[in-house]
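Engineer: One structure coming up, written as structure tokens, with questions to follow.
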Amino acid sequence: MRFGLRLAVPFLALFSAPLSAFAETVRWDDKVSTFNLDNGMEVVVIEDHRAPVVVHMMWYRAGSADEKPGVSGVAHFLEHLLFKATDTMEAGEFSRTVAANGGSDNAFTSHDYTAYFQRVASDRLELMMKMEADRMVNLRLTEADILTEREVIIEERNQRTENDPGALFGEQANAALYMNHRYGVPIIGWRHEMETLELEDTLEYYEQFYAPNNTILIVAGDVTPEEVKELSERHYGPLAANPDLEPRARPQEPLHNAERRILLEDPRVAQPYVRRSYIAPERDSEDQKTAAALMLGADLLGDGQTSFMSRKLQFEEKIAVFASAFYRATSLDDASFTTVVVPVEGVSLKNAEAAMDRVIAEFMEAPIDLDHLNRIKRAMRASEIYAKDNVQGLANRFGRALTSGLKVKDILAWPDVVEGITEDDIKTAMRDVLNKKSSVTGWLTSGAEAAQ
């Protein structure tokens, strides 16, 4: 069975299209350049000529949150299936070819994107583009592929979720936090829906989202924009855009008027803990200030042993073995802000939650330690500098941001936005978010703690 063949133009058109038909390259700084192909593909080039290595990443603006109801897990399922046969390659040949050329490859799926990447010698870039362009439009699947790979993803869920009480707990907490948005559905899918995924479900998702006008190509390493433009025009330029691709519009969250609570009891739990998550604004293009303030606030409140929660609960009061706060900033739609307290033996989850509430209230009332804030900013600035030594990390960073609605200028401006955040910015942002009406509080227990 052959599916998904979409020929864009006659073969000769590849050679007859004038280069002037493609948008001009925009250079953002001494490393980052961008341009678009006529079929809608966005291309980002990050130059680093210190080693003859290149990372080639294809990012699709489609993840699990773009799935239709009833087929949860199909985005991740398709990620697996893209390593099957195409019109020109046998199943598994893609990865074997990468390995035979001294490289490595993999893929991953999130709520907002699916990405495929290869790390190879820079003189193998054209081969990667040729193969990636092929599987974007020429995937060939059989019913046998569906049956065997469906068992693989179900076993993956068994290992990563069903066998881990913490993962089950997080899954239930997210489902309670997002009452209407698809972020409440696990990326890997609900098991009962995964078990019924069919060939038709997979092909529908593939035909809708796997098209050049729904992609961002990121090439990082020992390349020039001119090289990448020539190669991408040759291999991706002829692919047809999907004219029926619609803007990304997911069901959004309603106003949350009541706090929610969950209790998960599992005898396998060795260490009970309490967790609370709040709906929080995401990082938006040209409006990153609130996200930066929440990120710094999370770090001050609960990142590491010098944070406010850790200092109070672990070292001063000695009622917790771990206390943390974290904020997931980069997402297309509403993000989340989470706090966690793991009590010492003998302290109930009820008392741990009360202590968490008390310490958060103290943090909001007390002046921010400006020395601590400046240390965090310096550490973030240093991490930005060190990140430039890792081309794969840079490609990941740009891909996650761009598929979440940000622009290159937002990514480059982020360090300065963070640097400009004040104490008032942090407190204002956190007051807006730390509202129990938009929260889910959960207890993970072995069973005995529930009665305390």
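Every chain in the structure tokens takes a letter, A first, then B, and so on in the order presented; its residues are numbered from 1, and the ligands are numbered from 1 following the presented order.
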Give the strand (DSSP E or B) residues of segment 184-237 of chain A, as assigned by DSSP on the backbone, as number ranges by chain.

Structural biologist: A: 215-221

Engineer: I'd like the neighbourhood of Ala298 of chain A as number ranges by chain, where a residue qualifies if any of its atoms comes within 7 Å (using only C-alpha atoms), though same-chain residues fewer than 3 positions away should be ignored.

Structural biologist: A: 294-295, 301-303, 325-327

Engineer: Export, as a PDB file, in the first residue's frame, the selected residues with C-alpha atoms.

Structural biologist:
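Listed below is the output, part_33.pdb:
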ATOM      1  CA  LEU A 294       7.723  34.118  36.304  1.00  0.00           C
ATOM      2  CA  MET A 295      10.864  32.210  35.377  1.00  0.00           C
ATOM      3  CA  LEU A 301      11.190  30.506  45.162  1.00  0.00           C
ATOM      4  CA  GLY A 302      12.282  26.953  44.523  1.00  0.00           C
ATOM      5  CA  ASP A 303      15.316  26.311  42.331  1.00  0.00           C
ATOM      6  CA  ALA A 325       9.161  25.467  42.035  1.00  0.00           C
ATOM      7  CA  PHE A 326       9.308  25.505  38.243  1.00  0.00           C
ATOM      8  CA  TYR A 327       7.635  27.331  35.392  1.00  0.00           C
TER       9      TYR A 327
END

Engineer: Within 12 Å of segment 195-199 of chain A, which residues of segment 21-106 of chain A come that close, and what is the closest atom pair and distance in Å for each? Count only C-alpha atoms and give it as JSON lines.

Structural biologist:
{"residue": "A:Gly70", "atom": "CA", "partner": "A:Leu197", "partner_atom": "CA", "distance": 9.1}
{"residue": "A:Val71", "atom": "CA", "partner": "A:Leu197", "partner_atom": "CA", "distance": 6.5}
{"residue": "A:Ser72", "atom": "CA", "partner": "A:Leu197", "partner_atom": "CA", "distance": 8.5}
{"residue": "A:Gly73", "atom": "CA", "partner": "A:Leu197", "partner_atom": "CA", "distance": 8.3}
{"residue": "A:Val74", "atom": "CA", "partner": "A:Leu197", "partner_atom": "CA", "distance": 7.1}
{"residue": "A:Ala75", "atom": "CA", "partner": "A:Leu197", "partner_atom": "CA", "distance": 10.8}
{"residue": "A:His76", "atom": "CA", "partner": "A:Leu197", "partner_atom": "CA", "distance": 11.4}
{"residue": "A:Phe77", "atom": "CA", "partner": "A:Leu197", "partner_atom": "CA", "distance": 8.6}
{"residue": "A:Leu78", "atom": "CA", "partner": "A:Leu199", "partner_atom": "CA", "distance": 9.9}
{"residue": "A:Leu81", "atom": "CA", "partner": "A:Leu199", "partner_atom": "CA", "distance": 10.4}

Engineer: Within 9 Å of segment 137-150 of chain A, counting only C-alpha atoms, which residues qualify if same-chain residues fewer than 2 places away don't, as a PDB file with N, CA, C and O atoms, in the first residue's frame?

Structural biologist:
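Generated file (around.pdb):
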ATOM      1  N   MET A   1       0.856  -1.195   0.000  1.00  0.00           N
ATOM      2  CA  MET A   1       0.000   0.000   0.000  1.00  0.00           C
ATOM      3  C   MET A   1       0.883   1.232   0.000  1.00  0.00           C
ATOM      4  O   MET A   1       1.795   1.358   0.806  1.00  0.00           O
ATOM      5  N   ARG A   2       0.605   2.163  -0.902  1.00  0.00           N
ATOM      6  CA  ARG A   2       1.422   3.359  -1.037  1.00  0.00           C
ATOM      7  C   ARG A   2       0.541   4.571  -0.743  1.00  0.00           C
ATOM      8  O   ARG A   2      -0.540   4.727  -1.298  1.00  0.00           O
ATOM      9  N   PHE A   3       1.067   5.434   0.135  1.00  0.00           N
ATOM     10  CA  PHE A   3       0.272   6.566   0.578  1.00  0.00           C
ATOM     11  C   PHE A   3       1.134   7.828   0.579  1.00  0.00           C
ATOM     12  O   PHE A   3       2.347   7.777   0.697  1.00  0.00           O
ATOM     13  N   GLY A   4       0.463   8.971   0.503  1.00  0.00           N
ATOM     14  CA  GLY A   4       1.114  10.236   0.803  1.00  0.00           C
ATOM     15  C   GLY A   4       2.008  10.791  -0.269  1.00  0.00           C
ATOM     16  O   GLY A   4       2.761  11.720  -0.022  1.00  0.00           O
ATOM     17  N   LEU A   5       1.972  10.290  -1.498  1.00  0.00           N
ATOM     18  CA  LEU A   5       2.850  10.821  -2.532  1.00  0.00           C
ATOM     19  C   LEU A   5       2.290  12.139  -3.026  1.00  0.00           C
ATOM     20  O   LEU A   5       1.191  12.207  -3.550  1.00  0.00           O
ATOM     21  N   ARG A   6       3.054  13.223  -2.848  1.00  0.00           N
ATOM     22  CA  ARG A   6       2.586  14.541  -3.269  1.00  0.00           C
ATOM     23  C   ARG A   6       3.697  15.176  -4.102  1.00  0.00           C
ATOM     24  O   ARG A   6       4.655  15.703  -3.560  1.00  0.00           O
ATOM     25  N   LEU A   7       3.593  15.120  -5.396  1.00  0.00           N
ATOM     26  CA  LEU A   7       4.600  15.714  -6.272  1.00  0.00           C
ATOM     27  C   LEU A   7       4.258  17.178  -6.485  1.00  0.00           C
ATOM     28  O   LEU A   7       3.148  17.524  -6.870  1.00  0.00           O
ATOM     29  N   PHE A  77       2.807   8.379  17.610  1.00  0.00           N
ATOM     30  CA  PHE A  77       2.762   7.152  16.817  1.00  0.00           C
ATOM     31  C   PHE A  77       3.364   7.397  15.434  1.00  0.00           C
ATOM     32  O   PHE A  77       4.184   6.619  14.939  1.00  0.00           O
ATOM     33  N   HIS A  80       7.130   7.511  15.276  1.00  0.00           N
ATOM     34  CA  HIS A  80       7.729   6.177  15.153  1.00  0.00           C
ATOM     35  C   HIS A  80       7.643   5.673  13.711  1.00  0.00           C
ATOM     36  O   HIS A  80       8.613   5.119  13.172  1.00  0.00           O
ATOM     37  N   LEU A  81       6.492   5.858  13.104  1.00  0.00           N
ATOM     38  CA  LEU A  81       6.244   5.285  11.783  1.00  0.00           C
ATOM     39  C   LEU A  81       7.039   5.967  10.678  1.00  0.00           C
ATOM     40  O   LEU A  81       7.216   5.403   9.597  1.00  0.00           O
ATOM     41  N   LEU A  82       7.534   7.179  10.938  1.00  0.00           N
ATOM     42  CA  LEU A  82       8.290   7.874   9.900  1.00  0.00           C
ATOM     43  C   LEU A  82       9.635   7.194   9.626  1.00  0.00           C
ATOM     44  O   LEU A  82      10.318   7.545   8.668  1.00  0.00           O
ATOM     45  N   PHE A  83      10.014   6.229  10.460  1.00  0.00           N
ATOM     46  CA  PHE A  83      11.232   5.467  10.221  1.00  0.00           C
ATOM     47  C   PHE A  83      10.957   4.185   9.444  1.00  0.00           C
ATOM     48  O   PHE A  83      11.846   3.359   9.275  1.00  0.00           O
ATOM     49  N   LYS A  84       9.714   4.042   8.975  1.00  0.00           N
ATOM     50  CA  LYS A  84       9.363   2.905   8.131  1.00  0.00           C
ATOM     51  C   LYS A  84       9.709   3.208   6.672  1.00  0.00           C
ATOM     52  O   LYS A  84      10.452   4.150   6.388  1.00  0.00           O
ATOM     53  N   ALA A  85       9.134   2.443   5.758  1.00  0.00           N
ATOM     54  CA  ALA A  85       9.509   2.542   4.340  1.00  0.00           C
ATOM     55  C   ALA A  85       8.926   3.788   3.682  1.00  0.00           C
ATOM     56  O   ALA A  85       7.893   4.322   4.086  1.00  0.00           O
ATOM     57  N   THR A  86       9.631   4.238   2.649  1.00  0.00           N
ATOM     58  CA  THR A  86       9.131   5.278   1.754  1.00  0.00           C
ATOM     59  C   THR A  86       9.211   4.731   0.329  1.00  0.00           C
ATOM     60  O   THR A  86       9.535   3.570   0.099  1.00  0.00           O
ATOM     61  N   ASP A  87       8.954   5.586  -0.636  1.00  0.00           N
ATOM     62  CA  ASP A  87       9.040   5.159  -2.035  1.00  0.00           C
ATOM     63  C   ASP A  87      10.456   4.762  -2.436  1.00  0.00           C
ATOM     64  O   ASP A  87      10.657   4.000  -3.380  1.00  0.00           O
ATOM     65  N   THR A  88      11.461   5.271  -1.703  1.00  0.00           N
ATOM     66  CA  THR A  88      12.844   5.005  -2.109  1.00  0.00           C
ATOM     67  C   THR A  88      13.656   4.281  -1.044  1.00  0.00           C
ATOM     68  O   THR A  88      14.791   3.888  -1.312  1.00  0.00           O
ATOM     69  N   ALA A 133      13.385  14.966   3.003  1.00  0.00           N
ATOM     70  CA  ALA A 133      12.371  15.413   2.050  1.00  0.00           C
ATOM     71  C   ALA A 133      11.556  14.236   1.548  1.00  0.00           C
ATOM     72  O   ALA A 133      10.331  14.338   1.342  1.00  0.00           O
ATOM     73  N   ASP A 134      12.214  13.106   1.355  1.00  0.00           N
ATOM     74  CA  ASP A 134      11.519  11.914   0.866  1.00  0.00           C
ATOM     75  C   ASP A 134      10.452  11.462   1.846  1.00  0.00           C
ATOM     76  O   ASP A 134       9.295  11.227   1.478  1.00  0.00           O
ATOM     77  N   ARG A 135      10.810  11.365   3.140  1.00  0.00           N
ATOM     78  CA  ARG A 135       9.815  10.828   4.072  1.00  0.00           C
ATOM     79  C   ARG A 135       8.768  11.868   4.478  1.00  0.00           C
ATOM     80  O   ARG A 135       7.747  11.512   5.060  1.00  0.00           O
ATOM     81  N   VAL A 152       4.629  -1.381  20.106  1.00  0.00           N
ATOM     82  CA  VAL A 152       5.828  -0.713  20.611  1.00  0.00           C
ATOM     83  C   VAL A 152       5.455   0.494  21.470  1.00  0.00           C
ATOM     84  O   VAL A 152       5.994   0.691  22.568  1.00  0.00           O
ATOM     85  N   ILE A 153       4.524   1.321  20.989  1.00  0.00           N
ATOM     86  CA  ILE A 153       4.177   2.527  21.755  1.00  0.00           C
ATOM     87  C   ILE A 153       3.390   2.172  23.013  1.00  0.00           C
ATOM     88  O   ILE A 153       3.494   2.872  24.030  1.00  0.00           O
ATOM     89  N   ILE A 154       2.605   1.105  22.963  1.00  0.00           N
ATOM     90  CA  ILE A 154       1.890   0.675  24.166  1.00  0.00           C
ATOM     91  C   ILE A 154       2.877   0.184  25.214  1.00  0.00           C
ATOM     92  O   ILE A 154       2.749   0.492  26.413  1.00  0.00           O
ATOM     93  N   GLU A 155       3.891  -0.541  24.784  1.00  0.00           N
ATOM     94  CA  GLU A 155       4.922  -0.979  25.723  1.00  0.00           C
ATOM     95  C   GLU A 155       5.707   0.222  26.258  1.00  0.00           C
ATOM     96  O   GLU A 155       6.114   0.230  27.435  1.00  0.00           O
ATOM     97  N   MET A 194      -4.874   4.652  22.332  1.00  0.00           N
ATOM     98  CA  MET A 194      -3.700   4.122  21.643  1.00  0.00           C
ATOM     99  C   MET A 194      -3.975   2.726  21.083  1.00  0.00           C
ATOM    100  O   MET A 194      -3.522   2.384  19.990  1.00  0.00           O
ATOM    101  N   GLU A 195      -4.719   1.933  21.839  1.00  0.00           N
ATOM    102  CA  GLU A 195      -4.981   0.561  21.424  1.00  0.00           C
ATOM    103  C   GLU A 195      -5.841   0.467  20.174  1.00  0.00           C
ATOM    104  O   GLU A 195      -5.890  -0.589  19.530  1.00  0.00           O
ATOM    105  N   THR A 196      -6.511   1.569  19.817  1.00  0.00           N
ATOM    106  CA  THR A 196      -7.404   1.532  18.652  1.00  0.00           C
ATOM    107  C   THR A 196      -6.896   2.384  17.488  1.00  0.00           C
ATOM    108  O   THR A 196      -7.618   2.574  16.510  1.00  0.00           O
ATOM    109  N   LEU A 197      -5.669   2.902  17.579  1.00  0.00           N
ATOM    110  CA  LEU A 197      -5.127   3.707  16.480  1.00  0.00           C
ATOM    111  C   LEU A 197      -5.002   2.855  15.217  1.00  0.00           C
ATOM    112  O   LEU A 197      -4.466   1.747  15.247  1.00  0.00           O
ATOM    113  N   GLU A 198      -5.481   3.406  14.112  1.00  0.00           N
ATOM    114  CA  GLU A 198      -5.510   2.673  12.849  1.00  0.00           C
ATOM    115  C   GLU A 198      -4.669   3.376  11.797  1.00  0.00           C
ATOM    116  O   GLU A 198      -4.241   4.527  11.967  1.00  0.00           O
ATOM    117  N   LEU A 199      -4.481   2.698  10.678  1.00  0.00           N
ATOM    118  CA  LEU A 199      -3.741   3.265   9.555  1.00  0.00           C
ATOM    119  C   LEU A 199      -4.384   4.560   9.079  1.00  0.00           C
ATOM    120  O   LEU A 199      -3.694   5.553   8.814  1.00  0.00           O
ATOM    121  N   THR A 202      -3.525   7.582  11.256  1.00  0.00           N
ATOM    122  CA  THR A 202      -2.144   8.025  11.063  1.00  0.00           C
ATOM    123  C   THR A 202      -1.988   8.793   9.765  1.00  0.00           C
ATOM    124  O   THR A 202      -1.352   9.855   9.720  1.00  0.00           O
ATOM    125  N   LEU A 203      -2.562   8.276   8.701  1.00  0.00           N
ATOM    126  CA  LEU A 203      -2.431   8.933   7.400  1.00  0.00           C
ATOM    127  C   LEU A 203      -3.144  10.279   7.372  1.00  0.00           C
ATOM    128  O   LEU A 203      -2.674  11.224   6.736  1.00  0.00           O
ATOM    129  N   TYR A 206      -0.824  12.656   9.036  1.00  0.00           N
ATOM    130  CA  TYR A 206       0.333  12.843   8.154  1.00  0.00           C
ATOM    131  C   TYR A 206      -0.007  13.766   6.994  1.00  0.00           C
ATOM    132  O   TYR A 206       0.732  14.714   6.699  1.00  0.00           O
ATOM    133  N   GLU A 207      -1.112  13.511   6.318  1.00  0.00           N
ATOM    134  CA  GLU A 207      -1.480  14.305   5.150  1.00  0.00           C
ATOM    135  C   GLU A 207      -1.829  15.743   5.524  1.00  0.00           C
ATOM    136  O   GLU A 207      -1.600  16.669   4.751  1.00  0.00           O
ATOM    137  N   TYR A 210       2.117  17.106   7.686  1.00  0.00           N
ATOM    138  CA  TYR A 210       3.463  16.895   7.175  1.00  0.00           C
ATOM    139  C   TYR A 210       3.569  17.468   5.762  1.00  0.00           C
ATOM    140  O   TYR A 210       3.432  16.777   4.762  1.00  0.00           O
ATOM    141  N   ALA A 211       3.789  18.756   5.735  1.00  0.00           N
ATOM    142  CA  ALA A 211       3.909  19.520   4.489  1.00  0.00           C
ATOM    143  C   ALA A 211       4.903  20.645   4.728  1.00  0.00           C
ATOM    144  O   ALA A 211       5.060  21.114   5.865  1.00  0.00           O
ATOM    145  N   LEU A 239       8.750  20.418  -3.103  1.00  0.00           N
ATOM    146  CA  LEU A 239       7.645  19.786  -2.396  1.00  0.00           C
ATOM    147  C   LEU A 239       6.447  20.726  -2.321  1.00  0.00           C
ATOM    148  O   LEU A 239       6.589  21.916  -2.051  1.00  0.00           O
ATOM    149  N   ALA A 240       5.272  20.175  -2.532  1.00  0.00           N
ATOM    150  CA  ALA A 240       4.052  20.992  -2.567  1.00  0.00           C
ATOM    151  C   ALA A 240       3.598  21.361  -1.169  1.00  0.00           C
ATOM    152  O   ALA A 240       3.604  20.539  -0.249  1.00  0.00           O
TER     153      ALA A 240
END

Engineer: Residues of segment 103-216 of chain A within 8 Å of segment 398-414 of chain A: nearest atom pair and distance (Å, one decimal) for each, counting only C-alpha atoms, sorted by chain and number, as a Markdown table?

Structural biologist:
| residue | atom | partner | partner_atom | distance |
| --- | --- | --- | --- | --- |
| A:Asp112 | CA | A:Ser404 | CA | 6.4 |
| A:Tyr113 | CA | A:Thr403 | CA | 6.2 |
| A:Ile216 | CA | A:Gly399 | CA | 7.4 |

Engineer: Using the selection just defined, write its residues with C-alpha atoms as a short mmCIF file (atom, residue, chain, number, x, y, z; two decimals), in the first residue's frame.

Structural biologist:
data_model
loop_
_atom_site.label_atom_id
_atom_site.label_comp_id
_atom_site.auth_asym_id
_atom_site.auth_seq_id
_atom_site.Cartn_x
_atom_site.Cartn_y
_atom_site.Cartn_z
CA ASP A 112 3.35 21.72 20.24
CA TYR A 113 5.79 20.09 17.83
CA ILE A 216 10.85 24.90 10.24
#

Engineer: Report, in Å to a single decimal, how far apart atom CA of Asn374 of chain A and atom CA of Gly420 of chain A are.

Structural biologist: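 For atom CA of Gly420 of chain A relative to atom CA of Asn374 of chain A, the distance reads 10.8 Å.
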
Engineer: Output as JSON lines one row per residue of segment 221-297 of chain A within 8 Å of segment 339-360 of chain A: the closest atom pair and its distance in Å to one decimal place, counting only C-alpha atoms, sorted by chain and residue number ascending.

Structural biologist:
{"residue": "A:Gln271", "atom": "CA", "partner": "A:Val342", "partner_atom": "CA", "distance": 7.4}
{"residue": "A:Pro272", "atom": "CA", "partner": "A:Val342", "partner_atom": "CA", "distance": 6.6}
{"residue": "A:Tyr273", "atom": "CA", "partner": "A:Val342", "partner_atom": "CA", "distance": 4.5}
{"residue": "A:Val274", "atom": "CA", "partner": "A:Val341", "partner_atom": "CA", "distance": 5.5}
{"residue": "A:Arg275", "atom": "CA", "partner": "A:Val340", "partner_atom": "CA", "distance": 4.4}
{"residue": "A:Arg276", "atom": "CA", "partner": "A:Thr339", "partner_atom": "CA", "distance": 5.4}
{"residue": "A:Ser277", "atom": "CA", "partner": "A:Thr339", "partner_atom": "CA", "distance": 6.5}

Engineer: As an exercise, work out the distance from atom CA of Arg328 of chain A to atom CA of Asp389 of chain A in Å and give it to one decimal place.

Structural biologist: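 Here the two named atoms are 24.1 Å from each other.
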
Engineer: Distance atom CA of Asn174 of chain A-atom CA of Ala292 of chain A, one decimal place?

Structural biologist: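 Going from atom CA of Asn174 of chain A over to atom CA of Ala292 of chain A covers 22.6 Å.
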